[in-house]
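One structure below.
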Amino acid sequence: MYYLSVEHGGRGGCIVNVASMAGLNPNPFSPVYGCTKAGIIHATRCYAVSEAAKKSNIRLNVMCPAFVDTPMFRQMAAGDASQTIGGDQTAVNAFIERIGVLSTEDVSAALIDILTDETRNGLILRCAKKTGNVYSTLTVQDV
Ligand SMILES: NC(=O)C1=CN([C@@H]2O[C@H](COP(=O)(O)OP(=O)(O)OC[C@H]3O[C@@H](n4cnc5c(N)ncnc54)[C@H](O)[C@@H]3O)[C@@H](O)[C@H]2O)C=CC1
Ligand SMILES: CCCCCC(=O)/C=C/[C@H]1C=CC(=O)[C@@H]1CCCCCCC(=O)O
């Protein structure tokens, strides 16, 4: 945000943070990972409504993909369940099977939509094989 800001020579722009569905919905396999992702989601939403962002025309949004076919995912799906709680690879595989796996192209297309649609700000973009791309907020009630 510092370098995008008008007072430091920037022209504003769009920041897209990468969180995960694990930061929105609870799952039994990755509590610590999920907490870090929930933090990224909330930080994005707070900065998106900040005066600093508004003043410099900076948009911030956060992507929350479900599983994506990347080297990290393949390592996990191939049996490195040591990184998940319980280390039960059968349960992890059943979970992956139920959720489905996105391609990196799916995620890139979603990213381009956020970058090009200048109306998007402070939003969460959920990406999953079965539901496609869904924008939302988490606002419960304004106080
Ligand atoms: N793969 C999945 O199923 C999902 C991944 N994510 C998130 O997407 C992001 C990317 O994940 P993957 O592509 O799956 O991981 P990955 O491990 O396959 O790729 C990560 C890439 O980041 C690079 N990298 C690591 N530290 C870096 C640094 N300090 N500076 C520059 N590059 C660095 C690595 O060299 C690697 O190329 C992560 O934040 C992950 O939590 C979110 C949802 C699902
Ligand atoms: C519906 C849940 C979708 C979760 C999508 C996601 O972010 C998956 C990421 C996994 C891909 C490869 C990994 O290694 C990631 C999971 C890492 C779990 C780490 C668990 C440790 C902990 O939280 O204690």
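All residue names refer to the structure tokens as shown: chains lettered A, B, ... in order, residues numbered from 1 in each chain, ligands numbered from 1 in order.
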Return as a ChimeraX atom specification the residues of protein, DNA or RNA that approach ligand 2 to within 10 Å, with only C-alpha atoms and all ligand atoms taken into account. /A:18-37,64-77,80-87,92,95-96,98-101,127-128
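Distances from A:Ala94, A:Ser56, A:Ile40, A:Cys46 to ligand 1 were compared using only C-alpha atoms and all ligand atoms, and the smallest one belongs to A:Ile40.
Atom pair CA of Asp117 (chain A) / CA of Ser136 (chain A) has a distance of 14.7 Å (rounded to one decimal).
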Would you pick out the contacts of His8 (chain A) at 12 Å or less, using only C-alpha atoms, so that residues sharing its chain but fewer than 6 positions from it are not included, and give the list as a PDB file with all heavy atoms, in the first residue's frame?
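The resulting file, around-v2.pdb, is shown below:
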```
ATOM      1  N   MET A   1       0.835  -1.200   0.000  1.00  0.00           N
ATOM      2  CA  MET A   1       0.000   0.000   0.000  1.00  0.00           C
ATOM      3  C   MET A   1       0.868   1.247   0.000  1.00  0.00           C
ATOM      4  O   MET A   1       0.506   2.249  -0.598  1.00  0.00           O
ATOM      5  CB  MET A   1      -0.941  -0.006   1.213  1.00  0.00           C
ATOM      6  CG  MET A   1      -2.171  -0.858   0.987  1.00  0.00           C
ATOM      7  SD  MET A   1      -3.317  -0.859   2.390  1.00  0.00           S
ATOM      8  CE  MET A   1      -3.926   0.804   2.387  1.00  0.00           C
ATOM      9  N   TYR A   2       1.997   1.159   0.640  1.00  0.00           N
ATOM     10  CA  TYR A   2       2.908   2.313   0.717  1.00  0.00           C
ATOM     11  C   TYR A   2       3.285   2.768  -0.698  1.00  0.00           C
ATOM     12  O   TYR A   2       3.166   3.936  -1.043  1.00  0.00           O
ATOM     13  CB  TYR A   2       4.142   1.899   1.527  1.00  0.00           C
ATOM     14  CG  TYR A   2       5.164   2.990   1.732  1.00  0.00           C
ATOM     15  CD1 TYR A   2       5.116   3.799   2.870  1.00  0.00           C
ATOM     16  CD2 TYR A   2       6.171   3.196   0.802  1.00  0.00           C
ATOM     17  CE1 TYR A   2       6.063   4.798   3.055  1.00  0.00           C
ATOM     18  CE2 TYR A   2       7.124   4.198   0.990  1.00  0.00           C
ATOM     19  CZ  TYR A   2       7.058   4.993   2.116  1.00  0.00           C
ATOM     20  OH  TYR A   2       7.989   5.976   2.298  1.00  0.00           O
ATOM     21  N   ALA A  52      -6.562   5.272   4.172  1.00  0.00           N
ATOM     22  CA  ALA A  52      -5.349   5.240   3.343  1.00  0.00           C
ATOM     23  C   ALA A  52      -5.652   4.631   1.977  1.00  0.00           C
ATOM     24  O   ALA A  52      -5.207   5.133   0.940  1.00  0.00           O
ATOM     25  CB  ALA A  52      -4.266   4.438   4.052  1.00  0.00           C
ATOM     26  N   SER A  56      -6.037   6.829  -1.848  1.00  0.00           N
ATOM     27  CA  SER A  56      -5.130   6.538  -2.963  1.00  0.00           C
ATOM     28  C   SER A  56      -5.760   5.653  -4.024  1.00  0.00           C
ATOM     29  O   SER A  56      -5.066   5.157  -4.911  1.00  0.00           O
ATOM     30  CB  SER A  56      -3.861   5.867  -2.442  1.00  0.00           C
ATOM     31  OG  SER A  56      -3.081   6.795  -1.756  1.00  0.00           O
TER      32      SER A  56
END
```
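Considering only region 14-70 of chain A, backbone DSSP assigns helix (DSSP H, G or I) to Met21, Ala22, Gly23, Pro31, Val32, Tyr33, Gly34, Cys35, Thr36, Lys37, Ala38, Gly39, Ile40, Ile41, His42, Ala43, Thr44, Arg45, Cys46, Tyr47, Ala48, Glu51, Ala52, Ala53, Lys54 and Lys55 of chain A.
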Next, write the just-selected residues to a file, as an mmCIF file, in the first residue's frame, keeping N, CA, C and O atoms as the atom set.
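Contents of again.cif, freshly written:
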```cif
data_model
loop_
_atom_site.group_PDB
_atom_site.id
_atom_site.type_symbol
_atom_site.label_atom_id
_atom_site.label_comp_id
_atom_site.auth_asym_id
_atom_site.auth_seq_id
_atom_site.Cartn_x
_atom_site.Cartn_y
_atom_site.Cartn_z
ATOM 1 N N MET A 21 -10.280 -21.372 1.246
ATOM 2 C CA MET A 21 -11.571 -21.770 1.833
ATOM 3 C C MET A 21 -11.376 -22.233 3.268
ATOM 4 O O MET A 21 -12.298 -22.157 4.093
ATOM 5 N N ALA A 22 -10.153 -22.705 3.555
ATOM 6 C CA ALA A 22 -9.864 -23.166 4.921
ATOM 7 C C ALA A 22 -9.912 -22.019 5.930
ATOM 8 O O ALA A 22 -9.974 -22.256 7.131
ATOM 9 N N GLY A 23 -9.866 -20.771 5.452
ATOM 10 C CA GLY A 23 -9.977 -19.623 6.338
ATOM 11 C C GLY A 23 -11.419 -19.179 6.545
ATOM 12 O O GLY A 23 -11.672 -18.251 7.321
ATOM 13 N N PRO A 31 -6.312 -26.720 11.319
ATOM 14 C CA PRO A 31 -6.708 -25.571 12.149
ATOM 15 C C PRO A 31 -5.729 -24.399 12.124
ATOM 16 O O PRO A 31 -6.154 -23.247 12.056
ATOM 17 N N VAL A 32 -4.436 -24.687 12.175
ATOM 18 C CA VAL A 32 -3.463 -23.587 12.226
ATOM 19 C C VAL A 32 -3.425 -22.862 10.877
ATOM 20 O O VAL A 32 -3.487 -21.624 10.800
ATOM 21 N N TYR A 33 -3.365 -23.661 9.818
ATOM 22 C CA TYR A 33 -3.415 -23.101 8.461
ATOM 23 C C TYR A 33 -4.676 -22.252 8.298
ATOM 24 O O TYR A 33 -4.633 -21.127 7.797
ATOM 25 N N GLY A 34 -5.805 -22.785 8.742
ATOM 26 C CA GLY A 34 -7.083 -22.072 8.625
ATOM 27 C C GLY A 34 -7.065 -20.751 9.389
ATOM 28 O O GLY A 34 -7.590 -19.740 8.908
ATOM 29 N N CYS A 35 -6.436 -20.748 10.559
ATOM 30 C CA CYS A 35 -6.355 -19.500 11.343
ATOM 31 C C CYS A 35 -5.531 -18.453 10.616
ATOM 32 O O CYS A 35 -5.897 -17.267 10.596
ATOM 33 N N THR A 36 -4.432 -18.867 10.007
ATOM 34 C CA THR A 36 -3.605 -17.873 9.295
ATOM 35 C C THR A 36 -4.397 -17.305 8.113
ATOM 36 O O THR A 36 -4.327 -16.119 7.812
ATOM 37 N N LYS A 37 -5.171 -18.153 7.459
ATOM 38 C CA LYS A 37 -5.948 -17.691 6.301
ATOM 39 C C LYS A 37 -7.100 -16.785 6.746
ATOM 40 O O LYS A 37 -7.426 -15.818 6.064
ATOM 41 N N ALA A 38 -7.708 -17.103 7.887
ATOM 42 C CA ALA A 38 -8.771 -16.231 8.409
ATOM 43 C C ALA A 38 -8.193 -14.849 8.711
ATOM 44 O O ALA A 38 -8.845 -13.818 8.480
ATOM 45 N N GLY A 39 -6.957 -14.820 9.202
ATOM 46 C CA GLY A 39 -6.300 -13.536 9.483
ATOM 47 C C GLY A 39 -6.086 -12.730 8.210
ATOM 48 O O GLY A 39 -6.297 -11.508 8.186
ATOM 49 N N ILE A 40 -5.690 -13.408 7.156
ATOM 50 C CA ILE A 40 -5.463 -12.713 5.872
ATOM 51 C C ILE A 40 -6.781 -12.132 5.352
ATOM 52 O O ILE A 40 -6.843 -11.004 4.853
ATOM 53 N N ILE A 41 -7.849 -12.912 5.510
ATOM 54 C CA ILE A 41 -9.165 -12.448 5.039
ATOM 55 C C ILE A 41 -9.557 -11.182 5.808
ATOM 56 O O ILE A 41 -9.942 -10.164 5.227
ATOM 57 N N HIS A 42 -9.402 -11.226 7.116
ATOM 58 C CA HIS A 42 -9.853 -10.082 7.911
ATOM 59 C C HIS A 42 -8.967 -8.857 7.675
ATOM 60 O O HIS A 42 -9.471 -7.724 7.576
ATOM 61 N N ALA A 43 -7.673 -9.074 7.575
ATOM 62 C CA ALA A 43 -6.771 -7.940 7.311
ATOM 63 C C ALA A 43 -7.152 -7.274 5.990
ATOM 64 O O ALA A 43 -7.221 -6.043 5.897
ATOM 65 N N THR A 44 -7.439 -8.066 4.986
ATOM 66 C CA THR A 44 -7.803 -7.511 3.674
ATOM 67 C C THR A 44 -9.060 -6.656 3.789
ATOM 68 O O THR A 44 -9.124 -5.542 3.252
ATOM 69 N N ARG A 45 -10.039 -7.162 4.509
ATOM 70 C CA ARG A 45 -11.317 -6.440 4.628
ATOM 71 C C ARG A 45 -11.133 -5.136 5.405
ATOM 72 O O ARG A 45 -11.765 -4.123 5.100
ATOM 73 N N CYS A 46 -10.270 -5.153 6.409
ATOM 74 C CA CYS A 46 -10.039 -3.934 7.196
ATOM 75 C C CYS A 46 -9.291 -2.886 6.375
ATOM 76 O O CYS A 46 -9.675 -1.717 6.342
ATOM 77 N N TYR A 47 -8.218 -3.309 5.692
ATOM 78 C CA TYR A 47 -7.469 -2.341 4.878
ATOM 79 C C TYR A 47 -8.332 -1.802 3.741
ATOM 80 O O TYR A 47 -8.190 -0.647 3.342
ATOM 81 N N ALA A 48 -9.245 -2.613 3.234
ATOM 82 C CA ALA A 48 -10.082 -2.178 2.109
ATOM 83 C C ALA A 48 -10.974 -0.999 2.487
ATOM 84 O O ALA A 48 -11.315 -0.193 1.631
ATOM 85 N N GLU A 51 -8.964 4.634 5.363
ATOM 86 C CA GLU A 51 -8.836 5.937 4.708
ATOM 87 C C GLU A 51 -7.652 5.912 3.750
ATOM 88 O O GLU A 51 -7.699 6.491 2.664
ATOM 89 N N ALA A 52 -6.562 5.272 4.172
ATOM 90 C CA ALA A 52 -5.349 5.240 3.343
ATOM 91 C C ALA A 52 -5.652 4.631 1.977
ATOM 92 O O ALA A 52 -5.207 5.133 0.940
ATOM 93 N N ALA A 53 -6.437 3.562 1.968
ATOM 94 C CA ALA A 53 -6.764 2.906 0.689
ATOM 95 C C ALA A 53 -7.690 3.781 -0.141
ATOM 96 O O ALA A 53 -7.482 3.959 -1.345
ATOM 97 N N LYS A 54 -8.688 4.358 0.522
ATOM 98 C CA LYS A 54 -9.668 5.188 -0.217
ATOM 99 C C LYS A 54 -8.981 6.393 -0.849
ATOM 100 O O LYS A 54 -9.219 6.709 -2.011
ATOM 101 N N LYS A 55 -8.121 7.040 -0.051
ATOM 102 C CA LYS A 55 -7.445 8.266 -0.502
ATOM 103 C C LYS A 55 -6.617 8.007 -1.761
ATOM 104 O O LYS A 55 -6.514 8.849 -2.635
#
```
Please return as an MDAnalysis selection string: the residues of region 49-87 of chain A that backbone DSSP assigns to strand (DSSP E). chainID A and resid 58:65
